[in-house]
$ cat target-v9.cif   # mmCIF, C-alpha atoms and all ligand atoms
data_work
loop_
_atom_site.label_atom_id
_atom_site.label_comp_id
_atom_site.auth_asym_id
_atom_site.auth_seq_id
_atom_site.Cartn_x
_atom_site.Cartn_y
_atom_site.Cartn_z
CA MET H 780 0.00 0.00 0.00
CA THR H 781 1.30 3.46 -0.81
CA ARG H 782 1.19 6.56 1.30
CA ASN H 783 -2.05 8.18 0.16
CA PRO H 784 -4.42 5.22 0.47
CA TRP H 785 -2.76 4.43 3.79
CA LEU H 786 -3.53 7.92 5.05
CA GLU H 787 -7.08 7.73 3.76
CA ALA H 788 -7.56 4.57 5.79
CA HIS H 789 -5.80 6.02 8.84
CA ALA H 790 -6.82 9.67 8.97
CA TYR H 791 -5.51 10.08 12.52
CA LEU H 792 -1.98 9.71 11.16
CA GLY H 793 -2.45 12.88 9.11
CA PRO H 794 -0.67 15.27 11.49
CA VAL H 795 2.46 13.13 11.90
CA ALA H 796 2.51 12.41 8.15
CA GLY H 797 2.30 16.15 7.48
CA LEU H 798 5.16 16.84 9.86
CA CYS H 799 7.34 14.16 8.23
CA ALA H 800 6.53 15.50 4.77
CA GLU H 801 7.46 19.04 5.81
CA VAL H 802 10.80 17.89 7.22
CA GLU H 803 11.51 15.72 4.15
CA ARG H 804 10.78 18.66 1.87
CA ALA H 805 13.16 20.89 3.81
CA ALA H 806 15.81 18.13 3.79
CA GLU H 807 15.59 17.93 0.01
CA GLY H 808 16.38 21.64 -0.12
CA ILE H 809 19.70 21.48 1.70
CA GLU H 810 23.03 20.63 0.11
CA LEU H 811 23.56 16.88 0.00
CA LEU H 812 26.98 15.79 1.23
CA HIS H 813 28.09 12.18 1.06
CA ALA H 814 29.97 10.22 3.65
CA HIS H 815 33.30 8.77 2.59
CA ILE H 816 33.07 4.98 2.29
CA PRO H 817 35.63 3.40 4.62
CA ASP H 818 38.12 0.72 3.71
CA TRP H 819 36.20 -2.33 4.95
CA ASP H 820 39.39 -4.18 5.83
CA ASP H 821 40.10 -1.51 8.44
CA TYR H 822 36.77 -2.29 10.06
CA ARG H 823 36.75 -6.09 9.94
CA VAL H 824 38.16 -6.72 13.44
CA ASP H 825 35.71 -4.29 15.07
CA PHE H 826 32.82 -5.74 13.07
CA LEU H 827 33.56 -9.24 14.29
CA ALA H 828 33.80 -7.90 17.84
CA GLY H 829 30.34 -6.29 17.58
CA VAL H 830 31.44 -2.66 17.34
CA PRO H 831 28.98 -0.64 15.22
CA LEU H 832 30.53 0.95 12.16
CA LEU H 833 30.14 4.55 13.29
CA SER H 834 31.79 3.80 16.65
CA SER H 835 34.77 2.07 15.08
CA ALA H 836 38.11 3.85 15.26
CA GLY H 837 39.34 1.53 12.51
CA ALA H 838 36.62 2.53 10.07
CA ALA H 839 36.87 6.20 11.15
CA VAL H 840 33.84 7.43 9.23
CA ASP H 841 33.94 11.24 9.39
CA LEU H 842 30.44 12.31 10.41
CA GLU H 843 31.08 16.02 10.74
CA PRO H 844 29.62 16.91 7.31
CA GLY H 845 26.46 15.02 8.35
CA GLY H 846 26.32 17.22 11.44
CA ARG H 847 26.62 20.23 9.14
CA MET H 848 23.68 18.94 7.11
CA ALA H 849 21.67 18.56 10.32
CA ALA H 850 22.45 22.13 11.36
CA ALA H 851 21.52 23.34 7.87
CA LEU H 852 18.21 21.47 8.02
CA LEU H 853 17.38 23.03 11.35
CA GLU H 854 18.28 26.48 10.08
CA ARG H 855 16.18 26.01 6.97
CA LEU H 856 13.09 24.91 8.88
CA ALA H 857 13.58 27.77 11.34
CA SER H 858 13.87 30.36 8.59
CA GLU H 859 10.79 29.25 6.69
CA SER H 860 7.75 31.38 7.13
CA SER H 861 5.41 28.55 8.02
CA SER H 862 3.58 28.65 11.31
CA GLY H 863 2.52 25.93 13.67
CA SER H 864 4.24 24.01 16.40
CA LEU H 865 7.03 22.57 14.21
CA ALA H 866 8.00 26.07 13.04
CA ASP H 867 7.89 27.44 16.59
CA GLU H 868 9.91 24.59 18.01
CA THR H 869 12.55 24.62 15.27
CA ARG H 870 12.97 28.38 15.71
CA ALA H 871 13.46 28.00 19.45
CA LEU H 872 15.90 25.12 18.92
CA ASP H 873 17.82 27.01 16.24
CA ALA H 874 18.10 30.07 18.47
CA GLU H 875 19.25 27.90 21.34
CA LEU H 876 21.94 26.07 19.36
CA ARG H 877 23.15 28.83 17.10
CA LEU H 878 25.63 30.07 19.70
CA GLU H 879 27.05 26.63 20.31
CA PRO H 880 30.71 26.46 19.22
CA ASP H 881 31.52 23.59 16.87
CA LEU H 882 27.82 22.83 16.47
CA SER H 883 28.09 20.21 13.72
CA ARG H 884 30.42 18.05 15.87
CA ARG H 885 28.21 18.52 18.92
CA ILE H 886 25.21 17.32 16.95
CA VAL H 887 27.13 14.24 15.77
CA ASP H 888 28.13 13.40 19.34
CA PHE H 889 24.56 14.00 20.53
CA LEU H 890 23.16 11.62 17.89
CA LEU H 891 25.62 8.93 18.95
CA GLY H 892 24.55 9.19 22.58
CA ASP H 893 26.73 11.88 24.14
CA ASP H 894 24.57 13.68 26.67
CA THR H 895 26.55 16.89 27.17
CA LEU H 896 24.39 18.75 24.65
CA THR H 897 21.07 19.27 26.41
CA PRO H 898 18.58 21.11 24.20
CA ARG H 899 15.14 21.79 25.66
CA VAL H 900 13.53 19.61 22.99
CA PRO H 901 16.03 16.76 22.50
CA GLY H 902 13.50 14.66 20.57
CA LEU H 903 13.24 17.28 17.84
CA LEU H 904 17.01 17.56 17.48
CA ARG H 905 17.29 13.76 17.35
CA TYR H 906 14.61 13.54 14.68
CA LEU H 907 15.99 16.34 12.50
CA GLY H 908 19.56 15.23 13.09
CA TRP H 909 18.94 11.65 12.01
CA THR H 910 16.84 12.76 9.04
CA ALA H 911 19.86 14.67 7.73
CA MET H 912 22.42 12.11 8.85
CA ALA H 913 20.59 9.20 7.19
CA ARG H 914 20.78 11.07 3.88
CA PHE H 915 24.46 11.75 4.40
CA LEU H 916 25.14 8.11 5.28
CA ARG H 917 23.11 6.47 2.52
CA PRO H 918 26.10 5.40 0.33
CA VAL H 919 27.87 4.01 3.40
CA VAL H 920 24.76 2.12 4.57
CA GLU H 921 24.42 0.61 1.08
CA GLY H 922 28.11 -0.25 0.81
CA PHE H 923 28.07 -1.74 4.30
CA ALA H 924 25.06 -3.94 3.45
CA ALA H 925 26.88 -5.27 0.38
CA TRP H 926 30.06 -6.02 2.35
CA ARG H 927 28.61 -7.34 5.59
CA ASP H 928 28.21 -11.03 6.29
CA GLU H 929 24.85 -10.94 8.08
CA GLU H 930 25.46 -14.25 9.80
CA ARG H 931 28.42 -12.71 11.62
CA TRP H 932 26.33 -9.94 13.19
CA LEU H 933 22.85 -11.15 14.29
CA ARG H 934 22.88 -8.68 17.16
CA SER H 935 19.91 -6.71 18.42
CA TYR H 936 21.50 -3.30 17.81
CA CYS H 937 22.14 -1.59 14.51
CA PRO H 938 25.46 -2.58 12.91
CA THR H 939 25.85 0.93 11.52
CA CYS H 940 24.90 3.32 14.33
CA GLY H 941 24.33 1.05 17.33
CA SER H 942 20.68 2.03 17.96
CA LEU H 943 18.07 -0.48 18.98
CA PRO H 944 15.65 -1.33 16.16
CA ALA H 945 12.49 0.69 15.58
CA MET H 946 10.68 -2.15 13.82
CA ALA H 947 11.10 -5.63 12.39
CA GLN H 948 10.28 -7.24 9.07
CA LEU H 949 9.62 -10.81 8.04
CA ALA H 950 10.90 -11.19 4.50
CA GLY H 951 11.23 -13.91 1.92
CA ALA H 952 9.49 -17.27 1.69
CA ASP H 953 10.09 -20.44 3.65
CA PRO H 954 12.47 -22.15 4.08
CA GLY H 955 14.60 -19.03 3.62
CA ARG H 956 12.21 -16.72 5.40
CA MET H 957 14.09 -14.40 7.71
CA ARG H 958 13.59 -11.64 10.17
CA LEU H 959 15.20 -8.27 9.65
CA LEU H 960 15.43 -5.49 12.17
CA ALA H 961 15.06 -1.92 10.94
CA CYS H 962 16.92 1.06 12.37
CA GLY H 963 14.74 4.15 12.65
CA CYS H 964 17.81 6.38 12.84
CA CYS H 965 20.25 5.58 10.03
CA GLY H 966 17.91 3.40 7.95
CA THR H 967 19.97 0.19 8.09
CA ARG H 968 18.15 -3.13 7.93
CA TRP H 969 19.95 -6.16 9.25
CA GLN H 970 19.29 -9.80 9.88
CA PHE H 971 18.37 -11.13 13.30
CA LYS H 972 17.40 -14.59 14.47
CA ARG H 973 13.99 -15.58 13.24
CA THR H 974 12.50 -15.94 16.70
CA GLY H 975 13.54 -14.58 20.05
CA CYS H 976 13.31 -11.21 21.73
CA PRO H 977 15.57 -8.41 20.48
CA PHE H 978 15.45 -6.69 23.86
CA CYS H 979 16.38 -9.44 26.26
CA GLU H 980 17.94 -12.87 26.11
CA ALA H 981 14.65 -14.75 26.48
CA ASP H 982 14.30 -17.94 24.51
CA SER H 983 12.21 -18.10 21.40
CA GLN H 984 9.12 -19.77 22.86
CA ARG H 985 8.39 -16.66 24.84
CA LEU H 986 7.67 -14.39 21.86
CA ALA H 987 3.93 -14.05 21.23
CA SER H 988 2.24 -12.36 18.34
CA VAL H 989 -0.82 -10.11 18.06
CA THR H 990 -2.40 -9.67 14.67
CA ILE H 991 -4.44 -6.55 14.09
CA GLN H 992 -7.83 -6.64 12.45
CA GLY H 993 -7.79 -4.72 9.19
CA GLU H 994 -3.98 -4.53 9.12
CA PRO H 995 -2.93 -7.71 7.33
CA GLY H 996 0.69 -6.63 6.81
CA LEU H 997 1.39 -5.68 10.40
CA ARG H 998 1.57 -7.41 13.74
CA ILE H 999 2.90 -6.87 17.22
CA ASP H 1000 5.44 -9.38 18.49
CA HIS H 1001 5.92 -9.25 22.22
CA CYS H 1002 8.05 -10.91 24.81
CA GLU H 1003 6.47 -12.48 27.85
CA SER H 1004 9.76 -12.29 29.66
CA CYS H 1005 10.57 -8.55 29.47
CA GLY H 1006 7.19 -7.18 28.30
CA GLY H 1007 8.80 -5.45 25.32
CA TYR H 1008 7.24 -5.50 21.88
CA ILE H 1009 8.32 -4.83 18.35
CA LYS H 1010 6.04 -3.89 15.50
CA THR H 1011 6.61 -6.24 12.61
CA TYR H 1012 5.92 -5.77 8.93
CA ASP H 1013 5.01 -9.16 7.58
CA GLY H 1014 5.57 -8.43 3.92
CA GLN H 1015 7.80 -7.00 1.24
CA GLY H 1016 7.70 -4.18 -1.26
CA ASN H 1017 6.44 -1.29 0.87
CA GLU H 1018 9.34 -0.96 3.28
CA THR H 1019 9.61 2.81 3.04
CA LEU H 1020 6.09 3.32 4.28
CA MET H 1021 5.56 0.24 6.43
CA LEU H 1022 8.87 0.42 8.29
CA SER H 1023 8.77 4.17 8.80
CA ASP H 1024 7.42 3.73 12.34
CA TRP H 1025 5.14 6.79 12.10
CA SER H 1026 2.82 4.94 9.72
CA SER H 1027 1.96 2.42 12.45
CA LEU H 1028 1.83 4.59 15.56
CA HIS H 1029 -1.70 3.29 16.16
CA LEU H 1030 -0.14 -0.12 16.86
CA ASP H 1031 1.86 1.46 19.66
CA LEU H 1032 -1.44 2.51 21.24
CA ILE H 1033 -2.79 -1.03 20.95
CA ALA H 1034 0.39 -2.39 22.51
CA TYR H 1035 0.23 0.21 25.25
CA ASP H 1036 -3.36 -0.73 26.04
CA ARG H 1037 -2.18 -4.30 26.47
CA GLY H 1038 0.38 -3.20 29.00
CA LEU H 1039 3.35 -3.78 26.73
CA LYS H 1040 6.47 -1.63 26.82
CA ARG H 1041 8.00 0.10 23.86
CA LEU H 1042 11.66 -0.81 24.20
CA ALA H 1043 12.22 -0.18 20.49
CA ALA H 1044 13.91 3.09 19.61
CA SER H 1045 11.64 5.83 18.28
CA LEU H 1046 12.30 9.17 16.68
CA TYR H 1047 8.67 10.09 17.14
CA GLU H 1048 8.82 10.53 20.87
CA PHE H 1049 5.75 8.44 21.32
CA GLU H 1050 5.29 8.73 25.04
CA PRO H 1051 1.74 7.98 26.12
CA ALA H 1052 0.85 9.17 29.58
CA ARG H 1053 2.25 6.62 31.97
CA HIS H 1054 0.16 4.98 34.59
CA PRO H 1055 1.27 6.11 38.04
ZN ZN L 1101 21.25 2.63 12.64
ZN ZN L 1102 12.31 -9.80 26.00
#
$ encode --input "target-v9.cif" --output "structure tokens" --more "lines below"
Ligand SMILES: [Zn+2]
Ligand SMILES: [Zn+2]
Amino acid sequence: MTRNPWLEAHAYLGPVAGLCAEVERAAEGIELLHAHIPDWDDYRVDFLAGVPLLSSAGAAVDLEPGGRMAAALLERLASESSSGSLADETRALDAELRLEPDLSRRIVDFLLGDDTLTPRVPGLLRYLGWTAMARFLRPVVEGFAAWRDEERWLRSYCPTCGSLPAMAQLAGADPGRMRLLACGCCGTRWQFKRTGCPFCEADSQRLASVTIQGEPGLRIDHCESCGGYIKTYDGQGNETLMLSDWSSLHLDLIAYDRGLKRLAASLYEFEPARHP
């Protein structure tokens, strides 16, 4: 299913879809820089040891231009004349960060988990930052996928940036059917064991599945051991939409109503009011 029929069937996703479209439009308007593809031999030892690519001193991917793209995206959104909460928040964030020395590096460090940069709306900086950074990293993510032996990773965190997955996908047909995990930050998809919880070490029998009426391509897989769940796209061909996380935020509500915990990473700051 493509974006428009999906939105017609799920009108309540309209606001978040509009926000994503506005940010994507702005991102298309900034200068596209490309990350330098590392020499994979320099990364091999770290890869086998489970070190994500962007954290590897051997691979030494220079992310600073991606940080510059993130700062440019923020500035562009802040300078546009549109109104509404996104415009207000990007203006406040831009004003807050503009005085920061070495901003592009600080944004890179922030995206990789450094907590010394403390903007008032960290979720917005994370979302805009990764939107720009994913564009910057695209050739590296593609080159990495071509080089990587998936069987040698099979970890629950992203081989590129180290984030926990945002979603999962069941792809292919039996007997070769496999489960992929999808990073909501850098856009990498990587192979994980077919069953088993990506958030704890529970054995495979403990993963249960909830299918959703009217949503044949989606389901919620949850772990009876840790209570975590991961939204799973049970199909192929519509990855961009179906693995975007925002297009299935209603499943997070269903999971929340069942008392499940979102342990998956999210750029959409989906934080329902917590029970006391
Ligand atoms: Zn990633
Ligand atoms: Zn678990």
$ closest_residue --input "target-v9.cif" --among "H:Ala924, H:Val830, H:Leu786, H:Ala961" --to "H:Leu949" --atoms "all atoms listed in the file"
H:Ala961
$ residues_around --input "target-v9.cif" --residues "H:Leu1022" --least-positions-apart "6" --cutoff "10 Å" --atoms "only C-alpha atoms" --output "list of chain:residue names"
H:Ala945, H:Met946, H:Ala947, H:Gln948, H:Leu960, H:Ala961, H:Cys962, H:Gly963, H:Gly966, H:Arg968, H:Leu997, H:Lys1010, H:Thr1011, H:Tyr1012
$ residues_near_ligand --input "target-v9.cif" --ligand "ligand ZN 1102 (chain L)" --cutoff "6 Å" --atoms "only C-alpha atoms and all ligand atoms" --output "number ranges by chain"
H: 976, 978-979, 981, 1002, 1004-1005, 1007
$ closest_residue --input "target-v9.cif" --among "H:Leu1032, H:Ala925, H:Leu833, H:Ala866" --to "ligand ZN 1101 (chain L)" --atoms "all atoms listed in the file"
H:Leu833
$ atom_distance --input "target-v9.cif" --atom1 "atom CA of H:Ile816" --atom2 "atom CA of H:Met912"
14.4 Å
$ atom_distance --input "target-v9.cif" --atom1 "atom CA of H:Leu832" --atom2 "atom CA of H:Glu854"
28.4 Å
$ residues_around --input "target-v9.cif" --residues "H:Leu872" --least-positions-apart "3" --cutoff "9 Å" --atoms "all atoms listed in the file" --output "PDB file with C-alpha atoms, keeping the file's coordinate frame"
ATOM      1  CA  LEU H 853      17.380  23.030  11.350  1.00  0.00           C
ATOM      2  CA  ALA H 857      13.580  27.770  11.340  1.00  0.00           C
ATOM      3  CA  ASP H 867       7.890  27.440  16.590  1.00  0.00           C
ATOM      4  CA  GLU H 868       9.910  24.590  18.010  1.00  0.00           C
ATOM      5  CA  THR H 869      12.550  24.620  15.270  1.00  0.00           C
ATOM      6  CA  GLU H 875      19.250  27.900  21.340  1.00  0.00           C
ATOM      7  CA  LEU H 876      21.940  26.070  19.360  1.00  0.00           C
ATOM      8  CA  ARG H 877      23.150  28.830  17.100  1.00  0.00           C
ATOM      9  CA  PRO H 898      18.580  21.110  24.200  1.00  0.00           C
ATOM     10  CA  ARG H 899      15.140  21.790  25.660  1.00  0.00           C
ATOM     11  CA  VAL H 900      13.530  19.610  22.990  1.00  0.00           C
ATOM     12  CA  LEU H 903      13.240  17.280  17.840  1.00  0.00           C
ATOM     13  CA  LEU H 904      17.010  17.560  17.480  1.00  0.00           C
TER      14      LEU H 904
END
$ residues_near_point --input "target-v9.cif" --point "(7.1, 18.2, 11.0)" --cutoff "10 Å" --atoms "only C-alpha atoms" --output "list in words"
Pro794, Val795, Ala796, Gly797, Leu798, Cys799, Ala800, Glu801, Val802, Glu803, Arg804, Ala805, Leu856, Gly863, Ser864, Leu865, Ala866, Glu868, Thr869, Leu903, Tyr906 and Leu907 of chain H
$ closest_residue --input "target-v9.cif" --among "H:Pro938, H:Asp928, H:Ala1043, H:Leu933" --to "ligand ZN 1101 (chain L)" --atoms "only C-alpha atoms and all ligand atoms"
H:Pro938
$ residues_near_ligand --input "target-v9.cif" --ligand "ligand ZN 1101 (chain L)" --cutoff "6 Å" --atoms "all atoms listed in the file" --output "count of residues only"
10
$ residues_around --input "target-v9.cif" --residues "H:Ala952" --least-positions-apart "3" --cutoff "12 Å" --atoms "all atoms listed in the file" --output "PDB file with C-alpha atoms, in the coordinates of the input"
ATOM      1  CA  LEU H 949       9.620 -10.810   8.040  1.00  0.00           C
ATOM      2  CA  GLY H 955      14.600 -19.030   3.620  1.00  0.00           C
ATOM      3  CA  ARG H 956      12.210 -16.720   5.400  1.00  0.00           C
ATOM      4  CA  MET H 957      14.090 -14.400   7.710  1.00  0.00           C
ATOM      5  CA  ARG H 958      13.590 -11.640  10.170  1.00  0.00           C
ATOM      6  CA  ASP H1013       5.010  -9.160   7.580  1.00  0.00           C
ATOM      7  CA  GLY H1014       5.570  -8.430   3.920  1.00  0.00           C
ATOM      8  CA  GLN H1015       7.800  -7.000   1.240  1.00  0.00           C
TER       9      GLN H1015
END
$ atom_distance --input "target-v9.cif" --atom1 "atom CA of H:Glu930" --atom2 "atom CA of H:His813"
28.0 Å
$ closest_atom_pairs --input "target-v9.cif" --of "stretch 898-955 of chain H" --to "stretch 836-848 of chain H" --cutoff "8 Å" --atoms "only C-alpha atoms" --output "tab-separated table"
residue	atom	partner	partner_atom	distance
H:Gly908	CA	H:Gly846	CA	7.2
H:Ala911	CA	H:Met848	CA	5.8
H:Met912	CA	H:Gly845	CA	5.0
H:Phe915	CA	H:Gly845	CA	5.5
H:Leu916	CA	H:Gly845	CA	7.7
$ closest_residue --input "target-v9.cif" --among "H:Pro817, H:Glu879, H:Met780, H:Leu891" --to "H:Met1021" --atoms "all atoms listed in the file"
H:Met780
$ residues_around --input "target-v9.cif" --residues "H:Gly1038" --least-positions-apart "4" --cutoff "9 Å" --atoms "only C-alpha atoms" --output "list of chain:residue names"
H:Gly1006, H:Ile1033, H:Ala1034
$ closest_residue --input "target-v9.cif" --among "H:Asp1031, H:Asp893, H:Glu929, H:Asp873" --to "H:Gly829" --atoms "all atoms listed in the file"
H:Glu929
$ closest_residue --input "target-v9.cif" --among "H:Leu811, H:Ser858, H:Val920, H:Trp932" --to "H:Arg823" --atoms "only C-alpha atoms"
H:Trp932
$ residues_around --input "target-v9.cif" --residues "H:Tyr1008" --least-positions-apart "4" --cutoff "8 Å" --atoms "all atoms listed in the file" --output "list in words"
Ile999, Asp1000, His1001, Cys1002, Ala1034, Leu1039, Lys1040, Arg1041, Leu1042 and Ala1043 of chain H
